[in-house]
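Text of work.txt, listed as compact mmCIF, C-alpha atoms:
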```txt
# COMPACT_ATOMS: atom_id res chain seq x y z
CA MET E 63 10.93 154.26 108.72
CA ARG E 64 10.07 157.87 107.83
CA ARG E 65 12.00 157.59 104.59
CA VAL E 66 10.28 154.34 103.69
CA THR E 67 6.82 155.83 104.09
CA GLY E 68 7.99 159.05 102.46
CA VAL E 69 8.99 157.24 99.27
CA LEU E 70 5.46 155.88 99.04
CA ARG E 71 3.54 159.02 100.05
CA HIS E 72 5.73 161.91 98.85
CA PRO E 73 8.23 160.41 96.40
CA ARG E 74 9.52 163.63 94.84
CA ALA E 75 10.13 165.36 98.16
CA MET E 76 11.68 162.25 99.68
CA MET E 77 13.98 161.61 96.74
CA ALA E 78 15.14 165.23 96.98
CA GLU E 79 15.97 164.61 100.64
CA VAL E 80 17.76 161.37 99.76
CA VAL E 81 19.93 163.27 97.29
CA GLN E 82 20.77 165.94 99.88
CA HIS E 83 21.48 163.37 102.59
CA PRO E 84 22.33 160.08 100.83
CA ALA E 85 22.13 157.72 103.78
CA PHE E 86 20.76 154.34 102.77
CA VAL E 87 21.96 151.56 105.08
CA THR E 88 18.90 151.55 107.37
CA THR E 89 16.48 151.58 104.45
CA TRP E 90 18.39 148.83 102.65
CA VAL E 91 18.45 146.61 105.74
CA LEU E 92 14.72 147.13 106.25
CA VAL E 93 13.92 146.33 102.61
CA LEU E 94 16.02 143.16 102.65
CA LEU E 95 14.50 142.14 105.98
CA VAL E 96 10.98 142.47 104.58
CA VAL E 97 11.95 140.36 101.55
CA ALA E 98 13.59 137.73 103.76
CA VAL E 99 10.56 137.49 106.06
CA CYS E 100 8.09 137.25 103.17
CA GLY E 101 10.17 134.61 101.43
CA GLY E 102 10.91 132.71 104.61
CA LEU E 103 7.28 132.50 105.65
CA LEU E 104 6.18 131.36 102.19
CA LEU E 105 8.92 128.78 101.70
CA SER E 106 8.43 127.36 105.19
CA THR E 107 5.05 125.96 104.07
CA PRO E 108 4.51 122.82 101.96
CA ILE E 109 2.63 124.91 99.39
CA GLY E 110 5.51 127.36 99.10
CA GLN E 111 8.05 124.55 98.72
CA GLN E 112 5.96 122.88 96.02
CA ALA E 113 5.60 126.22 94.21
CA LEU E 114 9.39 126.54 94.35
CA ILE E 115 9.83 123.11 92.77
CA ASP E 116 7.19 123.84 90.12
CA GLU E 117 8.95 127.08 89.21
CA ARG E 118 12.30 125.29 88.84
CA VAL E 119 10.66 122.65 86.64
CA ARG E 120 8.99 125.31 84.50
CA VAL E 121 12.23 127.19 83.92
CA THR E 122 14.25 124.01 83.32
CA GLU E 123 11.77 122.66 80.79
CA ALA E 124 11.70 126.00 78.96
CA LEU E 125 15.49 126.18 78.76
CA VAL E 126 16.88 122.64 78.49
CA GLY E 127 14.01 120.18 78.15
CA ARG E 128 11.91 117.79 80.17
CA VAL E 129 12.68 117.08 83.83
CA ASP E 130 12.80 113.31 84.38
CA ASP E 131 11.54 111.52 87.47
CA ALA E 132 14.99 111.23 89.05
CA ALA E 133 15.64 114.95 88.69
CA TYR E 134 12.19 115.75 90.07
CA ASP E 135 12.82 113.54 93.12
CA ARG E 136 16.09 115.39 93.74
CA LEU E 137 14.23 118.69 93.62
CA ARG E 138 11.70 117.42 96.15
CA SER E 139 14.43 116.29 98.54
CA ASP E 140 16.44 119.50 98.16
CA PRO E 141 14.22 122.40 96.96
CA PRO E 142 16.31 125.02 95.09
CA VAL E 143 15.75 128.07 97.29
CA PHE E 144 17.79 130.31 94.97
CA ILE E 145 15.03 129.98 92.36
CA TYR E 146 12.81 132.10 94.60
CA LEU E 147 15.17 135.05 94.17
CA THR E 148 14.90 134.86 90.37
CA SER E 149 11.10 134.65 90.16
CA GLY E 150 8.20 137.02 90.62
CA GLY E 151 10.27 140.21 90.55
CA GLN E 152 12.53 139.28 93.49
CA LEU E 153 15.61 139.54 91.28
CA LEU E 154 15.27 143.33 91.13
CA LEU E 155 15.63 143.42 94.91
CA THR E 156 18.91 141.55 95.15
CA PRO E 157 21.96 143.62 96.20
CA PRO E 158 23.90 142.95 92.96
CA ILE E 159 21.06 144.38 90.84
CA THR E 160 20.80 147.39 93.16
CA LEU E 161 24.53 148.03 92.79
CA VAL E 162 24.30 147.67 89.00
CA MET E 163 21.40 150.12 88.90
CA ALA E 164 23.39 152.62 90.99
CA ALA E 165 26.28 152.39 88.53
CA GLY E 166 23.83 152.80 85.65
CA LEU E 167 22.27 155.90 87.20
CA MET E 168 25.68 157.45 87.77
CA ALA E 169 26.69 156.73 84.16
CA LEU E 170 23.40 158.11 82.81
CA ALA E 171 23.87 161.34 84.76
CA ARG E 172 27.43 161.76 83.52
CA PHE E 173 26.29 161.12 79.94
CA ASP E 174 24.11 164.22 80.35
CA GLY E 175 26.99 166.22 81.80
CA ALA E 176 25.88 166.01 85.44
CA ARG E 177 28.09 164.66 88.19
CA VAL E 178 26.40 162.24 90.60
CA THR E 179 28.51 160.29 93.08
CA PHE E 180 28.12 156.54 93.42
CA VAL E 181 26.93 156.95 97.02
CA THR E 182 24.12 159.27 95.91
CA ALA E 183 23.18 156.96 93.04
CA LEU E 184 23.16 153.98 95.40
CA ALA E 185 20.94 155.86 97.87
CA ILE E 186 18.47 156.55 95.04
CA ALA E 187 18.54 152.93 93.90
CA VAL E 188 18.05 151.61 97.43
CA HIS E 189 15.11 153.87 98.20
CA ALA E 190 13.46 152.98 94.88
CA THR E 191 13.43 149.33 96.00
CA VAL E 192 10.97 150.23 98.75
CA VAL E 193 8.13 149.71 96.26
CA LEU E 194 9.55 146.31 95.34
CA ALA E 195 9.47 145.36 99.02
CA VAL E 196 5.82 146.41 99.10
CA GLN E 197 5.29 144.15 96.10
CA GLN E 198 6.60 141.20 98.11
CA VAL E 199 4.23 141.96 100.97
CA VAL E 200 1.35 141.97 98.47
CA ALA E 201 2.57 139.00 96.44
CA ALA E 202 3.58 136.53 99.18
CA PRO E 203 0.03 135.65 100.31
CA LEU E 204 -1.09 135.54 96.67
CA HIS E 205 1.76 133.15 95.86
CA TYR E 206 0.41 130.93 98.64
CA VAL E 207 -3.19 131.11 97.45
CA ASN E 208 -2.25 130.59 93.79
CA GLU E 209 0.35 127.94 94.67
CA SER E 210 2.70 129.60 92.20
CA LEU E 211 5.72 131.90 92.25
CA THR E 212 4.59 133.72 89.12
CA SER E 213 4.16 137.38 89.97
CA PRO E 214 0.47 138.17 90.53
CA THR E 215 1.11 141.79 89.59
CA ASN E 216 2.57 141.26 86.13
CA LEU E 217 0.67 142.85 83.25
CA ALA E 218 -0.26 139.57 81.58
CA GLY E 219 -1.99 138.28 84.70
CA MET E 220 -3.72 141.56 85.45
CA LEU E 221 -4.94 142.34 81.92
CA ARG E 222 -5.68 138.81 80.67
CA VAL E 223 -6.11 140.07 77.12
CA PHE E 224 -3.86 137.67 75.23
CA ASN E 225 -3.84 133.88 75.11
CA GLU E 226 -1.45 132.25 77.56
CA GLY E 227 1.78 131.29 75.83
CA SER E 228 1.43 133.86 73.06
CA VAL E 229 4.31 136.29 72.42
CA PRO E 230 2.40 139.34 73.78
CA ALA E 231 1.40 137.38 76.89
CA ARG E 232 5.00 136.30 77.47
CA LEU E 233 6.21 139.87 77.11
CA LEU E 234 3.58 141.30 79.44
CA GLY E 235 4.31 138.49 81.87
CA THR E 236 7.83 139.85 82.35
CA ILE E 237 6.63 143.42 82.99
CA ASP E 238 5.37 144.11 86.49
CA VAL E 239 3.29 147.02 87.75
CA PHE E 240 5.65 147.49 90.68
CA GLY E 241 8.61 147.24 88.31
CA LEU E 242 7.22 150.18 86.34
CA TRP E 243 6.73 152.09 89.62
CA TRP E 244 10.33 151.29 90.58
CA THR E 245 11.55 152.60 87.22
CA TRP E 246 9.64 155.85 87.71
CA LEU E 247 11.15 156.31 91.17
CA LEU E 248 14.64 155.85 89.76
CA ALA E 249 13.89 158.60 87.24
CA VAL E 250 12.54 160.90 89.96
CA GLY E 251 15.61 160.33 92.10
CA LEU E 252 18.00 160.92 89.22
CA ALA E 253 16.11 164.10 88.28
CA ALA E 254 16.51 165.35 91.86
CA ALA E 255 20.23 164.65 91.69
CA THR E 256 20.84 166.35 88.34
CA GLY E 257 18.27 169.16 88.44
CA ARG E 258 16.79 167.94 85.18
CA PRO E 259 13.14 166.89 84.60
CA ALA E 260 12.25 163.29 85.42
CA ARG E 261 10.76 162.79 81.95
CA GLN E 262 14.28 163.14 80.57
CA TYR E 263 15.17 159.86 82.28
CA ILE E 264 11.94 157.91 82.57
CA TRP E 265 11.78 156.96 78.90
CA ARG E 266 15.38 155.76 78.86
CA LEU E 267 14.94 153.70 82.00
CA LEU E 268 11.64 152.28 80.73
CA ALA E 269 13.30 151.38 77.45
CA VAL E 270 15.96 149.41 79.32
CA TYR E 271 13.41 147.72 81.60
CA ILE E 272 11.06 146.76 78.77
CA GLY E 273 13.97 145.86 76.51
CA VAL E 274 15.32 143.38 79.05
CA ALA E 275 11.78 142.03 79.55
CA ALA E 276 11.38 141.58 75.79
CA LEU E 277 14.73 139.77 75.60
CA VAL E 278 13.73 137.38 78.39
CA ALA E 279 10.35 136.75 76.76
CA ALA E 280 12.01 136.12 73.38
CA VAL E 281 14.48 133.62 74.85
CA PHE E 282 11.73 131.64 76.53
CA ALA E 283 9.58 131.80 73.40
CA VAL E 284 12.36 130.51 71.11
CA LEU E 285 13.55 127.81 73.48
CA GLY E 286 10.01 126.77 74.35
CA ASP E 287 9.05 126.40 70.69
CA ALA E 288 12.21 124.46 69.97
CA LEU E 289 11.47 121.81 72.59
```

Any chance you could put this one into structure tokens?
Amino acid sequence: MRRVTGVLRHPRAMMAEVVQHPAFVTTWVLVLLVVAVCGGLLLSTPIGQQALIDERVRVTEALVGRVDDAAYDRLRSDPPVFIYLTSGGQLLLTPPITLVMAAGLMALARFDGARVTFVTALAIAVHATVVLAVQQVVAAPLHYVNESLTSPTNLAGMLRVFNEGSVPARLLGTIDVFGLWWTWLLAVGLAAATGRPARQYIWRLLAVYIGVAALVAAVFAVLGDAL
């Protein structure tokens, strides 16, 4: 628990400690437990289940076309729980993404001539997900109130500058405040592991994060306009 609060209160000092002592199992279990509880409580309610169905319909209609009545009835009888893990920023918390990020951090360090073990990189990646767990604690009640699985902390929803459905709005809708915080923590952890300044990594990691967000926004924009 001390490491969890340390990441939030003293991130640089805590990431330095994580690098020196790269234990991560307890933190990872706690993060995944928080996500499971938040998701379980939300999806146990009729509002949460309807939001799950609405999210599946939204994604399906954007990618492959209209959902007919028969398909909608099947969704109501068997809500697709896996959709929850791919919406509202939850995907970044899944173990496969954490493992991929650890491999990416290790490769980025080696590209700069620094040697970082996979265990150390994984410890950094796991502790960075603490802020994403906090996001779920914040977002779960807002999902319930809004009756939607769309992240309430994405930039499009918080800024409300562009018209809904526009290209800028779609792009900002895939970028989350907590996702940016997560990216910064990854850079801080990698800097602690390599002895290099965090700014050396933050721009690269942000470029990847925003690049993936732009790609997702572009796919939905093209497919949505084609339907």

_Å distance separating CA of Arg120 (chain E) from CA of Pro157 (chain E), one decimal place_ = 25.3 Å

*d(CA of Trp246 (chain E), CA of Leu95 (chain E)) in Å*: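 Interatomic distance here is 23.4 Å.
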
*Pick the closest to Thr107 (chain E) from E:Leu248, E:Thr215, E:Gln262, E:Glu209: which is it, counting all atoms listed in the file?*
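For Thr107 (chain E), the nearest of the candidates is E:Glu209.
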
_One decimal, in Å: what's the spacing between CA of Ile186 (chain E) and CA of Pro84 (chain E)?_
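These atoms are spaced 7.8 Å apart.
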
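The residue that comes closest to Val239 (chain E), out of E:Gly273, E:Ala253, E:Pro203, E:Val193 and on the basis of only C-alpha atoms, is E:Val193.
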
*asked:* I want to know what sits within 8 Å of Arg74 (chain E), based on all atoms listed in the file, with residues of the same chain fewer than 6 positions away left out; could you give that as an NGL selection string?
replied: :E and (250-251 or 254)

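The smallest atom-to-atom distance between Ala98 (chain E) and any of E:Val178, E:Ile264, E:Val81, E:Leu147, using only C-alpha atoms, is found for E:Leu147.
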
If we count all atoms listed in the file and set the cut-off at 12 Å, which residues sit around Leu103 (chain E), ignoring sequence neighbours fewer than 6 positions away in its own chain? Please answer as an mmCIF file with C-alpha atoms, keeping the file's coordinate frame.
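Below is the file result.cif, written as the result:
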```cif
data_model
loop_
_atom_site.group_PDB
_atom_site.id
_atom_site.type_symbol
_atom_site.label_atom_id
_atom_site.label_comp_id
_atom_site.auth_asym_id
_atom_site.auth_seq_id
_atom_site.Cartn_x
_atom_site.Cartn_y
_atom_site.Cartn_z
ATOM 1 C CA VAL E 96 10.980 142.470 104.580
ATOM 2 C CA VAL E 97 11.950 140.360 101.550
ATOM 3 C CA ILE E 109 2.630 124.910 99.390
ATOM 4 C CA GLY E 110 5.510 127.360 99.100
ATOM 5 C CA GLN E 111 8.050 124.550 98.720
ATOM 6 C CA GLN E 198 6.600 141.200 98.110
ATOM 7 C CA VAL E 199 4.230 141.960 100.970
ATOM 8 C CA ALA E 202 3.580 136.530 99.180
ATOM 9 C CA PRO E 203 0.030 135.650 100.310
ATOM 10 C CA HIS E 205 1.760 133.150 95.860
ATOM 11 C CA TYR E 206 0.410 130.930 98.640
#
```

*Name the residues in contact with Glu79 (chain E) at a cut-off of 12 Å, using only C-alpha atoms, excluding same-chain residues fewer than 3 positions from it; report them as a ChimeraX atom specification.*
/E:64-65,68-69,72-76,82-86,182,185-186,189,250-251,254-255

*Nearest to Val192 (chain E) among E:Met163, E:Leu114, E:Val274, E:Leu155, with distances taken over all atoms listed in the file: which residue is it?*
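So, comparing all the options, the nearest one is E:Leu155.
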
Test item: write region 141-176 of chain E with N, CA, C and O atoms as a PDB file, in the first residue's frame:
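See selection.pdb below for the written result:
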```pdb
ATOM      1  N   PRO E 141     -25.052 -10.070 -22.188  1.00  0.00           N
ATOM      2  CA  PRO E 141     -24.233  -8.860 -22.330  1.00  0.00           C
ATOM      3  C   PRO E 141     -22.761  -9.201 -22.488  1.00  0.00           C
ATOM      4  O   PRO E 141     -22.228 -10.044 -21.754  1.00  0.00           O
ATOM      5  N   PRO E 142     -22.078  -8.585 -23.458  1.00  0.00           N
ATOM      6  CA  PRO E 142     -20.661  -8.895 -23.739  1.00  0.00           C
ATOM      7  C   PRO E 142     -19.723  -8.214 -22.743  1.00  0.00           C
ATOM      8  O   PRO E 142     -19.258  -7.099 -22.966  1.00  0.00           O
ATOM      9  N   VAL E 143     -19.431  -8.895 -21.649  1.00  0.00           N
ATOM     10  CA  VAL E 143     -18.646  -8.297 -20.578  1.00  0.00           C
ATOM     11  C   VAL E 143     -17.267  -7.854 -21.055  1.00  0.00           C
ATOM     12  O   VAL E 143     -16.718  -6.856 -20.578  1.00  0.00           O
ATOM     13  N   PHE E 144     -16.703  -8.572 -22.040  1.00  0.00           N
ATOM     14  CA  PHE E 144     -15.348  -8.236 -22.502  1.00  0.00           C
ATOM     15  C   PHE E 144     -15.278  -6.820 -23.067  1.00  0.00           C
ATOM     16  O   PHE E 144     -14.213  -6.201 -23.085  1.00  0.00           O
ATOM     17  N   ILE E 145     -16.417  -6.291 -23.525  1.00  0.00           N
ATOM     18  CA  ILE E 145     -16.427  -4.933 -24.075  1.00  0.00           C
ATOM     19  C   ILE E 145     -16.028  -3.920 -23.013  1.00  0.00           C
ATOM     20  O   ILE E 145     -15.409  -2.890 -23.303  1.00  0.00           O
ATOM     21  N   TYR E 146     -16.348  -4.219 -21.756  1.00  0.00           N
ATOM     22  CA  TYR E 146     -15.984  -3.295 -20.675  1.00  0.00           C
ATOM     23  C   TYR E 146     -14.483  -3.080 -20.617  1.00  0.00           C
ATOM     24  O   TYR E 146     -14.018  -1.970 -20.362  1.00  0.00           O
ATOM     25  N   LEU E 147     -13.714  -4.137 -20.879  1.00  0.00           N
ATOM     26  CA  LEU E 147     -12.260  -4.052 -20.784  1.00  0.00           C
ATOM     27  C   LEU E 147     -11.634  -3.269 -21.933  1.00  0.00           C
ATOM     28  O   LEU E 147     -10.462  -2.911 -21.885  1.00  0.00           O
ATOM     29  N   THR E 148     -12.407  -3.017 -22.992  1.00  0.00           N
ATOM     30  CA  THR E 148     -11.877  -2.282 -24.141  1.00  0.00           C
ATOM     31  C   THR E 148     -12.443  -0.870 -24.227  1.00  0.00           C
ATOM     32  O   THR E 148     -12.254  -0.183 -25.236  1.00  0.00           O
ATOM     33  N   SER E 149     -13.131  -0.416 -23.186  1.00  0.00           N
ATOM     34  CA  SER E 149     -13.748   0.904 -23.219  1.00  0.00           C
ATOM     35  C   SER E 149     -13.263   1.743 -22.048  1.00  0.00           C
ATOM     36  O   SER E 149     -12.806   1.221 -21.035  1.00  0.00           O
ATOM     37  N   GLY E 150     -13.336   3.051 -22.217  1.00  0.00           N
ATOM     38  CA  GLY E 150     -13.075   3.958 -21.108  1.00  0.00           C
ATOM     39  C   GLY E 150     -11.695   3.888 -20.498  1.00  0.00           C
ATOM     40  O   GLY E 150     -11.501   4.252 -19.347  1.00  0.00           O
ATOM     41  N   GLY E 151     -10.708   3.419 -21.234  1.00  0.00           N
ATOM     42  CA  GLY E 151      -9.342   3.373 -20.717  1.00  0.00           C
ATOM     43  C   GLY E 151      -8.979   2.098 -19.993  1.00  0.00           C
ATOM     44  O   GLY E 151      -7.824   1.923 -19.569  1.00  0.00           O
ATOM     45  N   GLN E 152      -9.941   1.157 -19.835  1.00  0.00           N
ATOM     46  CA  GLN E 152      -9.644  -0.085 -19.125  1.00  0.00           C
ATOM     47  C   GLN E 152      -8.621  -0.936 -19.858  1.00  0.00           C
ATOM     48  O   GLN E 152      -7.888  -1.711 -19.240  1.00  0.00           O
ATOM     49  N   LEU E 153      -8.539  -0.799 -21.182  1.00  0.00           N
ATOM     50  CA  LEU E 153      -7.626  -1.627 -21.953  1.00  0.00           C
ATOM     51  C   LEU E 153      -6.176  -1.450 -21.500  1.00  0.00           C
ATOM     52  O   LEU E 153      -5.395  -2.404 -21.481  1.00  0.00           O
ATOM     53  N   LEU E 154      -5.814  -0.230 -21.117  1.00  0.00           N
ATOM     54  CA  LEU E 154      -4.441   0.034 -20.686  1.00  0.00           C
ATOM     55  C   LEU E 154      -4.086  -0.709 -19.402  1.00  0.00           C
ATOM     56  O   LEU E 154      -2.908  -0.867 -19.083  1.00  0.00           O
ATOM     57  N   LEU E 155      -5.100  -1.157 -18.674  1.00  0.00           N
ATOM     58  CA  LEU E 155      -4.875  -1.842 -17.405  1.00  0.00           C
ATOM     59  C   LEU E 155      -4.748  -3.352 -17.546  1.00  0.00           C
ATOM     60  O   LEU E 155      -4.354  -4.024 -16.599  1.00  0.00           O
ATOM     61  N   THR E 156      -5.074  -3.883 -18.695  1.00  0.00           N
ATOM     62  CA  THR E 156      -5.058  -5.331 -18.849  1.00  0.00           C
ATOM     63  C   THR E 156      -3.623  -5.864 -18.818  1.00  0.00           C
ATOM     64  O   THR E 156      -2.698  -5.210 -19.318  1.00  0.00           O
ATOM     65  N   PRO E 157      -3.413  -7.039 -18.242  1.00  0.00           N
ATOM     66  CA  PRO E 157      -2.054  -7.603 -18.153  1.00  0.00           C
ATOM     67  C   PRO E 157      -1.313  -7.683 -19.480  1.00  0.00           C
ATOM     68  O   PRO E 157      -0.100  -7.390 -19.510  1.00  0.00           O
ATOM     69  N   PRO E 158      -1.948  -8.059 -20.607  1.00  0.00           N
ATOM     70  CA  PRO E 158      -1.184  -8.092 -21.860  1.00  0.00           C
ATOM     71  C   PRO E 158      -0.599  -6.732 -22.241  1.00  0.00           C
ATOM     72  O   PRO E 158       0.556  -6.659 -22.700  1.00  0.00           O
ATOM     73  N   ILE E 159      -1.357  -5.652 -22.047  1.00  0.00           N
ATOM     74  CA  ILE E 159      -0.848  -4.318 -22.376  1.00  0.00           C
ATOM     75  C   ILE E 159       0.291  -3.945 -21.435  1.00  0.00           C
ATOM     76  O   ILE E 159       1.298  -3.352 -21.849  1.00  0.00           O
ATOM     77  N   THR E 160       0.173  -4.307 -20.164  1.00  0.00           N
ATOM     78  CA  THR E 160       1.251  -4.030 -19.204  1.00  0.00           C
ATOM     79  C   THR E 160       2.527  -4.758 -19.596  1.00  0.00           C
ATOM     80  O   THR E 160       3.630  -4.201 -19.529  1.00  0.00           O
ATOM     81  N   LEU E 161       2.399  -6.003 -20.036  1.00  0.00           N
ATOM     82  CA  LEU E 161       3.566  -6.769 -20.469  1.00  0.00           C
ATOM     83  C   LEU E 161       4.181  -6.167 -21.737  1.00  0.00           C
ATOM     84  O   LEU E 161       5.410  -6.090 -21.868  1.00  0.00           O
ATOM     85  N   VAL E 162       3.329  -5.735 -22.653  1.00  0.00           N
ATOM     86  CA  VAL E 162       3.825  -5.100 -23.879  1.00  0.00           C
ATOM     87  C   VAL E 162       4.563  -3.803 -23.548  1.00  0.00           C
ATOM     88  O   VAL E 162       5.625  -3.508 -24.119  1.00  0.00           O
ATOM     89  N   MET E 163       4.008  -3.025 -22.623  1.00  0.00           N
ATOM     90  CA  MET E 163       4.665  -1.774 -22.232  1.00  0.00           C
ATOM     91  C   MET E 163       6.009  -2.051 -21.586  1.00  0.00           C
ATOM     92  O   MET E 163       6.978  -1.319 -21.813  1.00  0.00           O
ATOM     93  N   ALA E 164       6.090  -3.099 -20.775  1.00  0.00           N
ATOM     94  CA  ALA E 164       7.372  -3.454 -20.146  1.00  0.00           C
ATOM     95  C   ALA E 164       8.407  -3.792 -21.208  1.00  0.00           C
ATOM     96  O   ALA E 164       9.556  -3.344 -21.141  1.00  0.00           O
ATOM     97  N   ALA E 165       8.002  -4.567 -22.209  1.00  0.00           N
ATOM     98  CA  ALA E 165       8.928  -4.905 -23.297  1.00  0.00           C
ATOM     99  C   ALA E 165       9.336  -3.652 -24.060  1.00  0.00           C
ATOM    100  O   ALA E 165      10.496  -3.504 -24.463  1.00  0.00           O
ATOM    101  N   GLY E 166       8.380  -2.738 -24.258  1.00  0.00           N
ATOM    102  CA  GLY E 166       8.688  -1.499 -24.957  1.00  0.00           C
ATOM    103  C   GLY E 166       9.661  -0.624 -24.186  1.00  0.00           C
ATOM    104  O   GLY E 166      10.577  -0.028 -24.771  1.00  0.00           O
ATOM    105  N   LEU E 167       9.487  -0.553 -22.878  1.00  0.00           N
ATOM    106  CA  LEU E 167      10.405   0.229 -22.042  1.00  0.00           C
ATOM    107  C   LEU E 167      11.811  -0.356 -22.085  1.00  0.00           C
ATOM    108  O   LEU E 167      12.805   0.377 -22.178  1.00  0.00           O
ATOM    109  N   MET E 168      11.902  -1.668 -22.014  1.00  0.00           N
ATOM    110  CA  MET E 168      13.209  -2.325 -22.064  1.00  0.00           C
ATOM    111  C   MET E 168      13.890  -2.052 -23.409  1.00  0.00           C
ATOM    112  O   MET E 168      15.089  -1.745 -23.458  1.00  0.00           O
ATOM    113  N   ALA E 169      13.111  -2.128 -24.495  1.00  0.00           N
ATOM    114  CA  ALA E 169      13.676  -1.881 -25.821  1.00  0.00           C
ATOM    115  C   ALA E 169      14.100  -0.422 -25.977  1.00  0.00           C
ATOM    116  O   ALA E 169      15.154  -0.135 -26.564  1.00  0.00           O
ATOM    117  N   LEU E 170      13.296   0.499 -25.432  1.00  0.00           N
ATOM    118  CA  LEU E 170      13.628   1.919 -25.536  1.00  0.00           C
ATOM    119  C   LEU E 170      14.913   2.230 -24.786  1.00  0.00           C
ATOM    120  O   LEU E 170      15.753   3.004 -25.258  1.00  0.00           O
ATOM    121  N   ALA E 171      15.089   1.618 -23.618  1.00  0.00           N
ATOM    122  CA  ALA E 171      16.313   1.825 -22.845  1.00  0.00           C
ATOM    123  C   ALA E 171      17.528   1.289 -23.595  1.00  0.00           C
ATOM    124  O   ALA E 171      18.574   1.936 -23.670  1.00  0.00           O
ATOM    125  N   ARG E 172      17.391   0.126 -24.179  1.00  0.00           N
ATOM    126  CA  ARG E 172      18.518  -0.476 -24.903  1.00  0.00           C
ATOM    127  C   ARG E 172      18.843   0.315 -26.170  1.00  0.00           C
ATOM    128  O   ARG E 172      19.999   0.365 -26.592  1.00  0.00           O
ATOM    129  N   PHE E 173      17.835   0.920 -26.766  1.00  0.00           N
ATOM    130  CA  PHE E 173      18.078   1.770 -27.943  1.00  0.00           C
ATOM    131  C   PHE E 173      18.982   2.937 -27.577  1.00  0.00           C
ATOM    132  O   PHE E 173      19.766   3.406 -28.411  1.00  0.00           O
ATOM    133  N   ASP E 174      18.883   3.401 -26.330  1.00  0.00           N
ATOM    134  CA  ASP E 174      19.723   4.497 -25.857  1.00  0.00           C
ATOM    135  C   ASP E 174      21.016   4.012 -25.203  1.00  0.00           C
ATOM    136  O   ASP E 174      21.740   4.791 -24.597  1.00  0.00           O
ATOM    137  N   GLY E 175      21.271   2.712 -25.286  1.00  0.00           N
ATOM    138  CA  GLY E 175      22.521   2.170 -24.769  1.00  0.00           C
ATOM    139  C   GLY E 175      22.491   1.834 -23.293  1.00  0.00           C
ATOM    140  O   GLY E 175      23.547   1.567 -22.702  1.00  0.00           O
ATOM    141  N   ALA E 176      21.310   1.829 -22.679  1.00  0.00           N
ATOM    142  CA  ALA E 176      21.189   1.482 -21.268  1.00  0.00           C
ATOM    143  C   ALA E 176      20.582   0.086 -21.143  1.00  0.00           C
ATOM    144  O   ALA E 176      19.711  -0.292 -21.927  1.00  0.00           O
TER     145      ALA E 176
END
```
